[in-house]
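**Q** Here's a structure for you.
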Amino acid sequence: MLKRLLLDPFEAAFMARALLEVLLLGVVGGVVGVHVLLRRLAFLGEALQHTVFPGIAIAFVTGQSLLLGALVAALVTIVLLLVLARRPRVDPDAALAVLIAGAFALGVVVVSHRRGFQHDLTALLFGRILAVDTRQLIETALVALVCVTVVVALHKELVLLAFDPAGASSLGYRTGWLDLALNVVVALVVVAAVRALGTVLVIAFLVTPAAGARLVCRRVVSMMAVAVAVALVCGWMGLALSYEASVHHGVRLASGATVVLTLTAGFALLGAAGAVRAAVDRPRR
């Protein structure tokens with residue numbers, strides 16, 4: 001029974017490709033997501049997953065690369081945010097909200113010009129993880145390699161900036177460039193994940209595993225390790241459960257959404273484990 005649930009689904013080539021995509025996204029999402037939480041950039045990730053929508057919509061309609069479309073839209077978003085941040089009378093949260101609403105509406109307008117746009121819109125919003133091909137896997141692997149390399153290379157500086165911005169500045173670190181580097185890495189993760197998970201579910205890979213890890217870990221490296229483990233295990237289970245329900249029980253479950261639900265369940269389990277540990281440690285204090 002366990003073999004049928006966890007291994008048999010991935011004998012199919014399309015399921016094996018979907019699993020590899022989820023594992024790649026789990027690794028990069030777990031590593032980068034910890035820094036997203038430490039710097040309180042979850043809302044930035046939320047904004048990016050929506051503001052890339054017009055980019056992938058235009059690329060989809062014109063038959064161009066969705067990765068390229070999403071990347072251009074993400075970079076435009078970062079530039080606009082940097083420009084708006086320099087305006088003292090512009091509230092950053094308000095600017096993000098305006099960008100989200102405007103970009104999302106633009107994407108819907110672009111897609112609505114096509115026949116059968118409702119099907120296309122659903123695919124772009126919620127992804128097509130079971131349609132991942134070899135080219136997409138290679139692109140995701142390259143993006144993941146770049147993102148993890150940058151985070152590892154700047155790990156000490158990013159951690160210091162997260163916990164002591166004034167200290168980082170006084171030590172001579174160029175905090176503006178560090179902020180830009182992290183923002184670009186977050187954008188790249190969103191761009192890599194958006195084709196498989198859509199513009200609605202991407203943030204789950206960036207935030208949920210890292211948030212769960214933060215409930216049970218105190219050290220940054222440990223948080224990263226637990227976040228990656230949660231993303232990998234829950235991603236595997238989510239794909240397996242959606243296949244089992246759809247093929248053997250006649251209950252159609254969207255694969256991407258099922259993966260996100262398993263990530264949420266993993267977060268809940270870690271939260272319970274953290275609460276139990278706190279209760280056990282309390283008498284000792």
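Ordering of the structure tokens sets the chain letters (A, B, ...); residue numbers start at 1 within each chain; ligands are numbered from 1 in the order shown.
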Could you make a table, as a tab-separated table, of the residues of stretch 254-277 of chain A that have an atom within 10 Å of an atom of stretch 221-235 of chain A, each with its nearest atom pair and distance in Å to one decimal, counting only C-alpha atoms, in chain and number order?

**A**
residue	atom	partner	partner_atom	distance
A:Ser255	CA	A:Gly235	CA	9.8
A:Gly256	CA	A:Gly235	CA	9.0
A:Thr258	CA	A:Gly235	CA	8.8
A:Val259	CA	A:Gly235	CA	5.3
A:Val260	CA	A:Gly235	CA	7.8
A:Leu261	CA	A:Cys234	CA	8.7
A:Thr262	CA	A:Cys234	CA	5.3
A:Leu263	CA	A:Cys234	CA	5.4
A:Thr264	CA	A:Cys234	CA	8.8
A:Ala265	CA	A:Cys234	CA	8.3
A:Gly266	CA	A:Val230	CA	6.6
A:Phe267	CA	A:Val230	CA	8.3
A:Leu270	CA	A:Val230	CA	9.3

**Q** Would you mind listing, for every residue of stretch 38-117 of chain A within 12 Å of stretch 138-156 of chain A, the two atoms forming the shortest contact and the distance between them in Å to one decimal, using only C-alpha atoms, sorted by chain and ascending residue number, as JSON lines?

**A**
{"residue": "A:Leu38", "atom": "CA", "partner": "A:His155", "partner_atom": "CA", "distance": 12.0}
{"residue": "A:Ser65", "atom": "CA", "partner": "A:Glu139", "partner_atom": "CA", "distance": 11.1}
{"residue": "A:Leu66", "atom": "CA", "partner": "A:Glu139", "partner_atom": "CA", "distance": 11.2}
{"residue": "A:Leu67", "atom": "CA", "partner": "A:Glu139", "partner_atom": "CA", "distance": 8.3}
{"residue": "A:Leu68", "atom": "CA", "partner": "A:Glu139", "partner_atom": "CA", "distance": 10.6}
{"residue": "A:Leu71", "atom": "CA", "partner": "A:Val143", "partner_atom": "CA", "distance": 11.0}

**Q** Take the residues from that selection and put them in a file with C-alpha atoms, as a PDB file, in the first residue's frame.

**A**
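To be explicit, this is the file written out as result.pdb:
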ATOM      1  CA  LEU A  38      13.862  37.149   8.640  1.00  0.00           C
ATOM      2  CA  SER A  65       8.639  31.951 -23.058  1.00  0.00           C
ATOM      3  CA  LEU A  66       6.627  32.195 -19.842  1.00  0.00           C
ATOM      4  CA  LEU A  67       9.894  32.308 -17.900  1.00  0.00           C
ATOM      5  CA  LEU A  68      11.062  35.349 -19.855  1.00  0.00           C
ATOM      6  CA  LEU A  71      11.239  37.604 -15.339  1.00  0.00           C
TER       7      LEU A  71
END

**Q** How many Å lie between atom CA of A:Val98 and atom CA of A:Gln49, rounded to one decimal?

**A**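 Between atom CA of A:Val98 and atom CA of A:Gln49 the gap works out to 14.0 Å.
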
**Q** What's around A:Leu137 at 9 Å? Count only C-alpha atoms, leave out sequence neighbours fewer than 5 positions away in its own chain, and write the answer as a VMD selection string.

**A** chain A and resid 17 to 18 20 to 21 24 132 142

**Q** Residues of the last selection are to be written out with C-alpha atoms, as a CSV table (one decimal), in the first residue's frame.

**A**
chain,number,residue,atom,x,y,z
A,17,ARG,CA,8.9,15.4,-14.0
A,18,ALA,CA,6.4,17.0,-11.7
A,20,LEU,CA,11.5,16.7,-9.8
A,21,GLU,CA,10.1,20.2,-10.3
A,24,LEU,CA,13.8,21.7,-7.0
A,132,VAL,CA,6.2,20.3,-16.8
A,142,LEU,CA,19.5,26.8,-13.3

**Q** Which of these residues is nearest to A:Ala97, using only C-alpha atoms: A:Leu48, A:Ala73, A:Leu125, A:Leu197?

**A** A:Leu48

**Q** One number please: atom CA of A:Met15 to atom CA of A:Val200, in Å, one decimal.

**A**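 That distance, rounded to one decimal, is 21.5 Å.
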
**Q** DSSP on the backbone, alpha helix (DSSP H) only: what residues of stretch 27-215 of chain A does that give? Format it as a PyMOL selection string.

**A** chain A and resi 27-38+42-51+53-62+66-85+92-111+117-126+134-153+155-163+165-170+175-215

**Q** Take the residues from that selection and put them in a file with C-alpha atoms, as a compact mmCIF listing (two decimals), in the first residue's frame.

**A**
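And here's again-v3.txt as it stands now:
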# COMPACT_ATOMS: atom_id res chain seq x y z
CA VAL A 27 15.06 23.28 -2.00
CA VAL A 28 15.28 26.84 -3.27
CA GLY A 29 12.05 27.88 -1.57
CA GLY A 30 13.17 26.51 1.79
CA VAL A 31 16.56 28.25 1.66
CA VAL A 32 15.37 31.60 0.33
CA GLY A 33 12.16 31.52 2.36
CA VAL A 34 14.06 31.73 5.64
CA HIS A 35 15.60 35.02 4.58
CA VAL A 36 12.18 36.19 3.38
CA LEU A 37 10.84 35.65 6.89
CA LEU A 38 13.86 37.15 8.64
CA ALA A 42 6.50 37.85 2.75
CA PHE A 43 4.30 40.64 1.39
CA LEU A 44 6.91 41.35 -1.29
CA GLY A 45 6.70 37.70 -2.35
CA GLU A 46 2.92 37.96 -2.35
CA ALA A 47 3.14 41.08 -4.51
CA LEU A 48 5.59 39.53 -6.95
CA GLN A 49 3.51 36.41 -7.48
CA HIS A 50 0.67 38.65 -8.68
CA THR A 51 2.62 41.33 -10.50
CA PHE A 53 0.90 37.74 -13.99
CA PRO A 54 0.71 40.27 -16.85
CA GLY A 55 4.19 39.18 -17.95
CA ILE A 56 3.27 35.52 -18.24
CA ALA A 57 -0.12 36.47 -19.72
CA ILE A 58 1.51 38.49 -22.51
CA ALA A 59 4.08 35.74 -23.10
CA PHE A 60 1.33 33.12 -23.19
CA VAL A 61 -0.82 35.06 -25.66
CA THR A 62 2.13 35.85 -27.95
CA LEU A 66 6.63 32.19 -19.84
CA LEU A 67 9.89 32.31 -17.90
CA LEU A 68 11.06 35.35 -19.85
CA GLY A 69 7.71 37.08 -19.49
CA ALA A 70 7.62 36.49 -15.74
CA LEU A 71 11.24 37.60 -15.34
CA VAL A 72 10.66 40.89 -17.18
CA ALA A 73 7.52 41.61 -15.14
CA ALA A 74 9.32 40.80 -11.86
CA LEU A 75 12.24 43.10 -12.68
CA VAL A 76 9.85 45.89 -13.65
CA THR A 77 8.08 45.43 -10.31
CA ILE A 78 11.34 45.69 -8.35
CA VAL A 79 12.37 48.84 -10.25
CA LEU A 80 8.97 50.45 -9.63
CA LEU A 81 9.14 49.59 -5.93
CA LEU A 82 12.63 51.08 -5.64
CA VAL A 83 11.47 54.26 -7.36
CA LEU A 84 8.34 54.55 -5.22
CA ALA A 85 10.30 53.85 -2.04
CA PRO A 92 5.28 51.19 0.66
CA ASP A 93 2.33 48.93 1.51
CA ALA A 94 -0.02 51.14 -0.48
CA ALA A 95 2.37 51.06 -3.44
CA LEU A 96 2.47 47.26 -3.31
CA ALA A 97 -1.31 47.07 -3.14
CA VAL A 98 -1.69 49.36 -6.15
CA LEU A 99 0.85 47.36 -8.16
CA ILE A 100 -0.87 44.06 -7.27
CA ALA A 101 -4.31 45.27 -8.28
CA GLY A 102 -3.18 47.00 -11.46
CA ALA A 103 -0.93 44.16 -12.65
CA PHE A 104 -3.49 41.47 -11.92
CA ALA A 105 -6.20 43.37 -13.77
CA LEU A 106 -3.87 43.92 -16.74
CA GLY A 107 -3.12 40.20 -16.91
CA VAL A 108 -6.81 39.30 -16.90
CA VAL A 109 -7.53 41.84 -19.66
CA VAL A 110 -4.71 40.41 -21.81
CA VAL A 111 -5.89 36.81 -21.44
CA PHE A 117 -9.86 32.39 -21.92
CA GLN A 118 -11.43 30.94 -18.76
CA HIS A 119 -9.45 27.72 -19.20
CA ASP A 120 -6.28 29.69 -19.97
CA LEU A 121 -6.87 31.95 -16.99
CA THR A 122 -7.27 28.99 -14.66
CA ALA A 123 -4.05 27.42 -15.93
CA LEU A 124 -2.09 30.66 -15.46
CA LEU A 125 -3.51 31.33 -12.00
CA PHE A 126 -3.13 27.83 -10.58
CA THR A 134 12.38 18.80 -19.61
CA ARG A 135 13.20 22.35 -20.71
CA GLN A 136 11.28 23.79 -17.78
CA LEU A 137 13.09 21.46 -15.39
CA ILE A 138 16.46 22.64 -16.71
CA GLU A 139 15.43 26.28 -16.39
CA THR A 140 14.18 25.73 -12.84
CA ALA A 141 17.41 23.94 -11.91
CA LEU A 142 19.51 26.83 -13.25
CA VAL A 143 17.44 29.43 -11.41
CA ALA A 144 17.61 27.36 -8.21
CA LEU A 145 21.40 27.05 -8.54
CA VAL A 146 21.82 30.80 -9.00
CA CYS A 147 19.52 31.66 -6.08
CA VAL A 148 21.07 29.20 -3.63
CA THR A 149 24.59 30.27 -4.65
CA VAL A 150 23.80 33.95 -4.03
CA VAL A 151 22.16 33.24 -0.67
CA VAL A 152 25.05 31.05 0.48
CA ALA A 153 27.64 33.58 -0.66
CA HIS A 155 24.56 34.41 4.08
CA LYS A 156 26.56 36.13 6.82
CA GLU A 157 25.80 39.62 5.52
CA LEU A 158 22.08 38.90 5.02
CA VAL A 159 21.70 37.45 8.52
CA LEU A 160 23.50 40.43 10.07
CA LEU A 161 21.32 42.82 8.07
CA ALA A 162 18.19 41.00 9.23
CA PHE A 163 19.05 41.15 12.94
CA PRO A 165 20.66 46.73 10.17
CA ALA A 166 22.45 49.58 11.94
CA GLY A 167 25.37 47.33 12.80
CA ALA A 168 25.64 46.09 9.21
CA SER A 169 25.69 49.66 7.95
CA SER A 170 28.29 50.74 10.52
CA THR A 175 22.92 47.47 2.68
CA GLY A 176 21.17 48.85 -0.39
CA TRP A 177 22.93 46.35 -2.64
CA LEU A 178 22.20 43.53 -0.20
CA ASP A 179 18.51 44.47 -0.23
CA LEU A 180 18.54 44.53 -4.02
CA ALA A 181 20.29 41.14 -4.22
CA LEU A 182 17.73 39.52 -1.93
CA ASN A 183 14.82 41.11 -3.76
CA VAL A 184 16.15 39.81 -7.09
CA VAL A 185 16.59 36.32 -5.61
CA VAL A 186 13.00 36.35 -4.31
CA ALA A 187 11.83 37.48 -7.74
CA LEU A 188 13.75 34.65 -9.43
CA VAL A 189 12.18 32.07 -7.12
CA VAL A 190 8.72 33.41 -7.91
CA VAL A 191 9.52 33.38 -11.63
CA ALA A 192 10.77 29.79 -11.48
CA ALA A 193 7.73 28.55 -9.57
CA VAL A 194 4.96 30.51 -11.23
CA ARG A 195 4.68 28.32 -14.33
CA ALA A 196 4.19 25.14 -12.32
CA LEU A 197 2.11 26.52 -9.44
CA GLY A 198 0.48 29.56 -11.00
CA THR A 199 0.34 33.08 -9.66
CA VAL A 200 -1.88 32.17 -6.71
CA LEU A 201 0.02 29.35 -4.99
CA VAL A 202 3.68 30.35 -5.42
CA ILE A 203 3.98 32.12 -2.07
CA ALA A 204 3.32 28.79 -0.29
CA PHE A 205 6.75 27.47 -1.29
CA LEU A 206 8.46 30.64 -0.12
CA VAL A 207 6.72 31.17 3.21
CA THR A 208 5.02 28.04 4.57
CA PRO A 209 8.04 25.69 5.03
CA ALA A 210 10.19 28.48 6.46
CA ALA A 211 7.40 29.63 8.79
CA GLY A 212 6.99 26.08 10.07
CA ALA A 213 10.73 25.67 10.58
CA ARG A 214 10.87 28.89 12.56
CA LEU A 215 8.43 27.39 15.08

**Q** Quick one: everything within 12 Å of A:Asp8, counting only C-alpha atoms, minus sequence neighbours fewer than 5 positions away in the same chain. Send it as a PDB file with C-alpha atoms, in the first residue's frame.

**A**
ATOM      1  CA  MET A   1       0.000   0.000   0.000  1.00  0.00           C
ATOM      2  CA  LEU A   2       2.781   2.444   0.939  1.00  0.00           C
ATOM      3  CA  LYS A   3       4.692   1.621  -2.244  1.00  0.00           C
ATOM      4  CA  ALA A  13       7.102  10.211 -16.912  1.00  0.00           C
ATOM      5  CA  MET A  15       4.605  12.513 -12.659  1.00  0.00           C
ATOM      6  CA  ALA A  16       8.362  12.038 -12.363  1.00  0.00           C
ATOM      7  CA  LEU A 239       1.642  14.850  -5.596  1.00  0.00           C
ATOM      8  CA  ALA A 240       1.201  11.257  -4.435  1.00  0.00           C
ATOM      9  CA  LEU A 241      -2.104  12.001  -2.694  1.00  0.00           C
ATOM     10  CA  TYR A 243      -2.611  10.966  -7.975  1.00  0.00           C
ATOM     11  CA  GLU A 244      -4.026   8.362  -5.577  1.00  0.00           C
ATOM     12  CA  VAL A 247      -6.700   7.644 -10.345  1.00  0.00           C
ATOM     13  CA  HIS A 248      -7.772   5.069  -7.757  1.00  0.00           C
TER      14      HIS A 248
END

**Q** At what distance in Å, to one decimal, does atom CA of A:Arg277 lie from atom CA of A:Met237?

**A**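 Interatomic distance here is 25.4 Å.
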